[in-house]
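The structure file input.cif is reproduced below (mmCIF, C-alpha atoms).
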```cif
data_query
#
loop_
_atom_site.label_atom_id
_atom_site.label_comp_id
_atom_site.auth_asym_id
_atom_site.auth_seq_id
_atom_site.Cartn_x
_atom_site.Cartn_y
_atom_site.Cartn_z
CA MET A 25 96.33 121.11 85.68
CA GLY A 26 93.32 121.92 87.83
CA ARG A 27 93.18 122.95 91.46
CA ARG A 28 94.64 119.98 93.25
CA ALA A 29 96.56 119.09 96.38
CA GLU A 30 97.85 116.04 98.22
CA VAL A 31 98.24 115.67 101.98
CA ARG A 32 100.07 112.96 103.92
CA ARG A 33 99.16 112.46 107.58
CA LYS A 34 100.95 109.88 109.71
CA THR A 35 100.29 109.38 113.40
CA ALA A 36 100.60 106.49 115.83
CA GLU A 37 96.97 105.66 114.97
CA THR A 38 96.69 106.31 111.22
CA ASP A 39 98.67 106.64 108.00
CA ILE A 40 96.74 108.57 105.36
CA VAL A 41 97.37 109.95 101.89
CA ALA A 42 94.56 112.13 100.53
CA GLU A 43 94.48 113.85 97.16
CA ILE A 44 91.77 116.06 95.68
CA ASN A 45 91.33 117.72 92.31
CA ILE A 46 88.54 120.27 92.58
CA ASP A 47 88.30 120.56 88.79
CA GLY A 48 87.91 116.85 88.23
CA ALA A 49 85.35 114.54 86.71
CA GLY A 50 84.25 112.52 89.74
CA LYS A 51 86.90 109.81 89.51
CA TYR A 52 87.98 108.11 92.69
CA GLU A 53 90.27 105.57 94.31
CA ILE A 54 89.21 105.09 97.92
CA ASN A 55 90.47 102.62 100.51
CA THR A 56 89.97 103.34 104.21
CA GLY A 57 89.29 99.81 105.42
CA ILE A 58 85.74 100.87 106.32
CA GLY A 59 83.46 99.81 103.49
CA PHE A 60 80.52 102.10 104.17
CA PHE A 61 82.82 105.10 104.62
CA ASP A 62 84.51 104.26 101.31
CA HIS A 63 81.08 104.25 99.66
CA MET A 64 80.23 107.69 101.10
CA LEU A 65 83.54 109.17 99.91
CA GLU A 66 82.91 107.69 96.46
CA LEU A 67 79.51 109.41 96.42
CA PHE A 68 81.13 112.66 97.52
CA SER A 69 83.64 112.42 94.67
CA ARG A 70 81.12 111.47 91.99
CA HIS A 71 78.37 113.93 92.88
CA GLY A 72 80.76 116.83 93.48
CA LEU A 73 82.79 116.02 90.36
CA PHE A 74 85.95 116.03 92.48
CA ASP A 75 88.71 113.58 91.61
CA LEU A 76 89.57 111.93 94.90
CA LYS A 77 92.25 109.52 96.07
CA VAL A 78 92.26 108.36 99.67
CA ASN A 79 94.42 105.59 101.06
CA ALA A 80 94.08 105.19 104.80
CA GLN A 81 95.49 102.64 107.17
CA GLY A 82 94.19 102.99 110.69
CA ASP A 83 93.58 101.17 113.93
CA ILE A 84 90.15 99.94 112.84
CA THR A 85 90.56 96.92 115.12
CA VAL A 86 89.89 99.46 117.91
CA ASP A 87 87.07 101.19 115.98
CA GLY A 88 86.70 103.51 113.02
CA HIS A 89 86.93 106.80 114.91
CA HIS A 90 90.59 107.65 114.35
CA THR A 91 90.50 106.68 110.69
CA VAL A 92 87.32 108.61 109.86
CA GLU A 93 88.39 111.72 111.78
CA ASP A 94 91.90 111.72 110.32
CA VAL A 95 90.56 111.30 106.78
CA GLY A 96 88.40 114.36 107.49
CA ILE A 97 91.46 116.28 108.67
CA SER A 98 93.48 115.23 105.62
CA LEU A 99 90.75 115.96 103.07
CA GLY A 100 90.06 119.31 104.71
CA GLN A 101 93.72 120.29 104.50
CA ALA A 102 93.91 119.10 100.89
CA LEU A 103 90.81 121.11 99.92
CA LYS A 104 92.19 124.24 101.59
CA ASP A 105 95.53 123.83 99.80
CA ALA A 106 93.83 123.17 96.44
CA LEU A 107 91.68 126.31 96.76
CA GLY A 108 94.74 128.50 97.25
CA ASP A 109 93.83 132.20 97.46
CA LYS A 110 90.15 131.44 96.62
CA LYS A 111 90.06 134.13 93.94
CA GLY A 112 87.05 133.91 91.66
CA ILE A 113 85.14 131.23 93.58
CA ARG A 114 81.44 131.66 94.26
CA ARG A 115 82.06 131.02 97.97
CA TYR A 116 78.52 129.88 98.82
CA GLY A 117 76.71 126.71 97.89
CA THR A 118 73.49 125.05 99.00
CA SER A 119 72.00 121.72 98.00
CA PHE A 120 68.91 119.72 98.93
CA VAL A 121 69.25 116.05 98.01
CA PRO A 122 66.53 113.41 98.33
CA MET A 123 67.42 109.76 98.75
CA ASP A 124 64.13 107.88 98.67
CA GLU A 125 62.36 108.87 101.93
CA ALA A 126 65.36 110.85 103.20
CA LEU A 127 66.01 114.52 102.46
CA ALA A 128 69.17 116.38 103.48
CA MET A 129 70.23 119.99 103.06
CA THR A 130 73.81 121.22 103.16
CA ALA A 131 74.82 124.87 102.95
CA VAL A 132 78.50 125.81 102.66
CA ASP A 133 80.44 129.05 102.96
CA VAL A 134 84.14 128.88 102.02
CA SER A 135 84.72 131.62 104.56
CA GLY A 136 87.96 130.66 106.26
CA ARG A 137 85.97 130.49 109.51
CA PRO A 138 85.36 126.91 110.67
CA CYS A 139 81.85 126.26 111.95
CA LEU A 140 79.64 123.18 111.77
CA VAL A 141 75.94 123.12 112.58
CA PHE A 142 74.73 119.53 112.30
CA GLU A 143 71.16 118.30 112.75
CA ALA A 144 70.51 114.63 112.07
CA GLU A 145 68.96 111.77 113.97
CA TYR A 146 69.55 108.07 113.41
CA THR A 147 67.64 105.02 114.50
CA SER A 148 70.68 102.73 114.75
CA GLU A 149 74.22 103.08 116.03
CA LYS A 150 75.85 101.56 112.95
CA VAL A 151 75.43 101.33 109.18
CA GLY A 152 77.53 98.72 107.41
CA GLY A 153 79.96 98.49 110.30
CA MET A 154 80.48 102.27 110.61
CA ASP A 155 79.23 104.14 113.66
CA THR A 156 76.60 106.65 112.59
CA GLU A 157 78.03 109.22 115.02
CA LEU A 158 81.21 109.28 112.92
CA VAL A 159 79.45 111.19 110.14
CA GLU A 160 79.46 114.29 112.35
CA GLU A 161 83.06 113.60 113.44
CA PHE A 162 84.17 113.44 109.80
CA LEU A 163 82.37 116.65 108.92
CA ARG A 164 83.75 118.51 111.95
CA ALA A 165 87.33 117.50 111.12
CA PHE A 166 86.79 118.38 107.45
CA VAL A 167 85.25 121.79 108.23
CA ASN A 168 87.89 122.72 110.82
CA ASN A 169 90.78 121.95 108.49
CA ALA A 170 89.29 123.33 105.27
CA GLY A 171 88.08 126.55 106.91
CA LEU A 172 84.43 126.08 106.00
CA THR A 173 81.18 127.17 107.56
CA MET A 174 78.73 124.32 107.03
CA HIS A 175 75.12 123.71 107.99
CA VAL A 176 73.76 120.19 107.57
CA LYS A 177 70.13 119.42 108.30
CA VAL A 178 68.23 116.20 107.68
CA LEU A 179 64.62 117.18 107.05
CA HIS A 180 63.20 113.66 106.60
CA GLY A 181 64.40 110.10 106.81
CA SER A 182 63.94 106.74 108.47
CA ASN A 183 66.52 104.56 106.71
CA ASN A 184 69.95 105.37 108.14
CA HIS A 185 71.81 104.42 104.96
CA HIS A 186 69.60 106.78 102.96
CA ILE A 187 70.01 109.59 105.51
CA ILE A 188 73.80 109.44 105.45
CA GLU A 189 73.92 109.04 101.68
CA ALA A 190 71.75 112.15 101.27
CA ILE A 191 74.12 114.06 103.58
CA PHE A 192 77.22 113.15 101.57
CA LYS A 193 75.55 113.86 98.22
CA SER A 194 74.22 117.23 99.36
CA LEU A 195 77.65 118.09 100.76
CA ALA A 196 79.24 117.23 97.41
CA ARG A 197 76.84 119.33 95.37
CA ALA A 198 76.96 122.31 97.74
CA LEU A 199 80.76 122.28 97.80
CA ASP A 200 80.93 121.96 94.01
CA GLU A 201 78.78 125.09 93.73
CA ALA A 202 80.78 127.00 96.35
CA THR A 203 84.18 126.21 94.80
CA ALA A 204 83.11 126.93 91.21
CA VAL A 205 84.98 129.77 89.54
CA ASP A 206 82.82 132.61 88.21
CA SER A 207 84.50 134.89 85.67
CA ARG A 208 82.40 137.84 86.89
CA ILE A 209 84.08 137.79 90.30
CA ASP A 210 87.09 140.09 90.58
CA GLY A 211 89.34 138.85 93.38
CA VAL A 212 87.46 137.15 96.21
CA MET A 213 83.76 137.25 97.02
CA SER A 214 84.13 139.49 100.05
CA THR A 215 84.12 143.22 100.78
CA LYS A 216 87.13 142.53 103.05
CA GLY A 217 89.22 141.54 100.03
CA ILE A 218 90.31 138.28 101.65
CA LEU A 219 88.75 134.97 102.64
#
```
For the structure just supplied, provide its representation as structure tokens.
Amino acid sequence: MGRRAEVRRKTAETDIVAEINIDGAGKYEINTGIGFFDHMLELFSRHGLFDLKVNAQGDITVDGHHTVEDVGISLGQALKDALGDKKGIRRYGTSFVPMDEALAMTAVDVSGRPCLVFEAEYTSEKVGGMDTELVEEFLRAFVNNAGLTMHVKVLHGSNNHHIIEAIFKSLARALDEATAVDSRIDGVMSTKGIL
């Protein structure tokens, strides 16, 4: 069956269905109405080996903010639900991913304590019609609703597409590592006995 969950979020601004299977094979069906964002979620699915379905209808005639943020909320809730009691997971994951001249690092702790530290600079306000500032908005919504501590740092990069792609790929690989089940772990990876 795998660790999976589906979340439906409907507001006056968006209507979203998000489904994740942590123990997937990197298969995806993504439609947010924002092409570049779709591409980043596809990368996240493929490189994290998460099966992902996202169907989002939002007020993108205004801009992409509500849609991107609400997808982050929905995916965060789905991940949290799919992880359940978190027994046996490694908890921590770190990944450095190069994308040509860009290099991004993401470190994740499935701690139950939401915290995002984000360090990235862009040279343009948009990539493919998506505001670059929405990358941080997505991550903040995702972290807050999944209960993750996450540090993202872009070490190098000049091409904004490459920078953002490296972020999403490093996020995927770090989260795959953190959510992996290790048979040596009895209960949860914490001296508190709960995450």
Enumerate, in order of chain and increasing residue number, the residues of region 110-132 of chain A with an atom no farther than 12 Å from region 69-80 of chain A, each with its shortest atom pair and distance in Å to one decimal, counting all atoms listed in the file, as JSON lines.
```
{"residue": "A:Gly117", "atom": "CA", "partner": "A:Gly72", "partner_atom": "CA", "distance": 11.6}
{"residue": "A:Ser119", "atom": "CA", "partner": "A:Gly72", "partner_atom": "CA", "distance": 11.0}
{"residue": "A:Val121", "atom": "CA", "partner": "A:His71", "partner_atom": "CA", "distance": 10.7}
```
Subject >> Surrounding residues of region 156-160 of chain A excluding itself and chain neighbours under 6 positions, 8 Å, only C-alpha atoms, as a PyMOL selection string >> reply: chain A and resi 88-89+92-93+142+146+148-150+188
Please produce a file of those selected residues containing C-alpha atoms, as a compact mmCIF listing (two decimals), in the coordinates of the input.
```txt
# COMPACT_ATOMS: atom_id res chain seq x y z
CA GLY A 88 86.70 103.51 113.02
CA HIS A 89 86.93 106.80 114.91
CA VAL A 92 87.32 108.61 109.86
CA GLU A 93 88.39 111.72 111.78
CA PHE A 142 74.73 119.53 112.30
CA TYR A 146 69.55 108.07 113.41
CA SER A 148 70.68 102.73 114.75
CA GLU A 149 74.22 103.08 116.03
CA LYS A 150 75.85 101.56 112.95
CA ILE A 188 73.80 109.44 105.45
```
**OP:** Go ahead and find all residues with at least one atom no further than 12 Å from (74.6, 115.4, 96.2) in the file's coordinates, using all atoms listed in the file; report them as number ranges by chain.
**Re:** A: 50, 64-74, 117-123, 127-131, 187-201
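Straight-line separation from CA of Lys111 (chain A) to CA of Asn168 (chain A): 20.5 Å.
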Subject >> Interatomic distance, CA of Glu143 (chain A) to CA of Gly57 (chain A) (Å, one decimal) >> reply: 26.9 Å
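Note that CA of Lys216 (chain A) and CA of Met174 (chain A) are 20.4 Å apart.
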Original post:
Pick from A:His63, A:Lys51, A:Lys104, A:His175: nearest to Glu30 (chain A), with only C-alpha atoms counted?
Top reply: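 Counting only C-alpha atoms, the residue closest to Glu30 (chain A) is A:Lys104.
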Subject >> Shell of 7 Å around Val167 (chain A), all atoms listed in the file, local chain residues under 4 positions omitted, as a PyMOL selection string >> reply: chain A and resi 100+138-140+163+171-173
Original post:
A:Ser135, A:Thr85, A:Gln101, A:Asn184: which is nearest Val31 (chain A), counting all atoms listed in the file?
Top reply: A:Gln101
Original post:
Leaving out Asp109 (chain A) and any residue of its chain fewer than 3 positions from it, which residues lie within 12 Å of it when counting only C-alpha atoms, given as a ChimeraX atom specification?
Top reply: /A:27,103-106,112-113,115,134-136,203,211-213,217-219
Original post:
Which is closest to Gly153 (chain A) among A:Ile46, A:Leu99, A:Lys34, A:Phe60, if we use only C-alpha atoms?
Top reply: A:Phe60
Subject >> Ala126 (chain A) surroundings by only C-alpha atoms, 8 Å radius, close-in-sequence under 5 positions cut, as number ranges by chain >> reply: A: 178-183, 186-187, 190
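With only C-alpha atoms as the basis for measurement, A:Arg28 is the residue among A:Arg33, A:Arg28, A:His185, A:Lys177 that approaches Asp47 (chain A) most closely.
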**OP:** Please write as a count of residues only the list of polymer residues whose atoms come within 7 Å of (93.9, 107.6, 106.9), counting all atoms listed in the file and keeping to the coordinates of the file.
**Re:** 12
Please rebuild region 181-201 of chain A with N, CA and C atoms and give the result as a PDB file, in the frame of the given file.
```pdb
ATOM      1  N   GLY A 181      63.652 111.330 106.987  1.00  0.00           N
ATOM      2  CA  GLY A 181      64.400 110.100 106.810  1.00  0.00           C
ATOM      3  C   GLY A 181      64.140 109.089 107.894  1.00  0.00           C
ATOM      4  N   SER A 182      64.087 107.829 107.496  1.00  0.00           N
ATOM      5  CA  SER A 182      63.940 106.740 108.470  1.00  0.00           C
ATOM      6  C   SER A 182      64.989 105.657 108.247  1.00  0.00           C
ATOM      7  N   ASN A 183      65.492 105.538 107.025  1.00  0.00           N
ATOM      8  CA  ASN A 183      66.520 104.560 106.710  1.00  0.00           C
ATOM      9  C   ASN A 183      67.888 105.233 106.888  1.00  0.00           C
ATOM     10  N   ASN A 184      68.695 104.709 107.794  1.00  0.00           N
ATOM     11  CA  ASN A 184      69.950 105.370 108.140  1.00  0.00           C
ATOM     12  C   ASN A 184      70.940 105.428 106.974  1.00  0.00           C
ATOM     13  N   HIS A 185      70.966 104.402 106.148  1.00  0.00           N
ATOM     14  CA  HIS A 185      71.810 104.420 104.960  1.00  0.00           C
ATOM     15  C   HIS A 185      71.397 105.573 104.049  1.00  0.00           C
ATOM     16  N   HIS A 186      70.110 105.715 103.825  1.00  0.00           N
ATOM     17  CA  HIS A 186      69.600 106.780 102.960  1.00  0.00           C
ATOM     18  C   HIS A 186      69.902 108.166 103.539  1.00  0.00           C
ATOM     19  N   ILE A 187      69.756 108.307 104.850  1.00  0.00           N
ATOM     20  CA  ILE A 187      70.010 109.590 105.510  1.00  0.00           C
ATOM     21  C   ILE A 187      71.464 110.015 105.291  1.00  0.00           C
ATOM     22  N   ILE A 188      72.380 109.106 105.563  1.00  0.00           N
ATOM     23  CA  ILE A 188      73.800 109.440 105.450  1.00  0.00           C
ATOM     24  C   ILE A 188      74.197 109.653 103.996  1.00  0.00           C
ATOM     25  N   GLU A 189      73.633 108.865 103.098  1.00  0.00           N
ATOM     26  CA  GLU A 189      73.920 109.040 101.680  1.00  0.00           C
ATOM     27  C   GLU A 189      73.435 110.410 101.196  1.00  0.00           C
ATOM     28  N   ALA A 190      72.262 110.834 101.639  1.00  0.00           N
ATOM     29  CA  ALA A 190      71.750 112.150 101.270  1.00  0.00           C
ATOM     30  C   ALA A 190      72.653 113.259 101.802  1.00  0.00           C
ATOM     31  N   ILE A 191      73.196 113.076 103.000  1.00  0.00           N
ATOM     32  CA  ILE A 191      74.120 114.060 103.580  1.00  0.00           C
ATOM     33  C   ILE A 191      75.362 114.210 102.700  1.00  0.00           C
ATOM     34  N   PHE A 192      75.983 113.094 102.348  1.00  0.00           N
ATOM     35  CA  PHE A 192      77.220 113.150 101.570  1.00  0.00           C
ATOM     36  C   PHE A 192      76.979 113.689 100.158  1.00  0.00           C
ATOM     37  N   LYS A 193      75.856 113.343  99.559  1.00  0.00           N
ATOM     38  CA  LYS A 193      75.550 113.860  98.220  1.00  0.00           C
ATOM     39  C   LYS A 193      75.260 115.358  98.267  1.00  0.00           C
ATOM     40  N   SER A 194      74.523 115.797  99.277  1.00  0.00           N
ATOM     41  CA  SER A 194      74.220 117.230  99.360  1.00  0.00           C
ATOM     42  C   SER A 194      75.483 118.019  99.686  1.00  0.00           C
ATOM     43  N   LEU A 195      76.360 117.458 100.500  1.00  0.00           N
ATOM     44  CA  LEU A 195      77.650 118.090 100.760  1.00  0.00           C
ATOM     45  C   LEU A 195      78.434 118.254  99.462  1.00  0.00           C
ATOM     46  N   ALA A 196      78.486 117.202  98.667  1.00  0.00           N
ATOM     47  CA  ALA A 196      79.240 117.230  97.410  1.00  0.00           C
ATOM     48  C   ALA A 196      78.720 118.318  96.479  1.00  0.00           C
ATOM     49  N   ARG A 197      77.424 118.373  96.317  1.00  0.00           N
ATOM     50  CA  ARG A 197      76.840 119.330  95.370  1.00  0.00           C
ATOM     51  C   ARG A 197      76.966 120.774  95.877  1.00  0.00           C
ATOM     52  N   ALA A 198      76.806 120.969  97.178  1.00  0.00           N
ATOM     53  CA  ALA A 198      76.960 122.310  97.740  1.00  0.00           C
ATOM     54  C   ALA A 198      78.402 122.795  97.614  1.00  0.00           C
ATOM     55  N   LEU A 199      79.348 121.901  97.869  1.00  0.00           N
ATOM     56  CA  LEU A 199      80.760 122.280  97.800  1.00  0.00           C
ATOM     57  C   LEU A 199      81.196 122.507  96.348  1.00  0.00           C
ATOM     58  N   ASP A 200      80.639 121.740  95.429  1.00  0.00           N
ATOM     59  CA  ASP A 200      80.930 121.960  94.010  1.00  0.00           C
ATOM     60  C   ASP A 200      80.480 123.364  93.603  1.00  0.00           C
ATOM     61  N   GLU A 201      79.299 123.747  94.045  1.00  0.00           N
ATOM     62  CA  GLU A 201      78.780 125.090  93.730  1.00  0.00           C
ATOM     63  C   GLU A 201      79.649 126.171  94.365  1.00  0.00           C
TER      64      GLU A 201
END
```
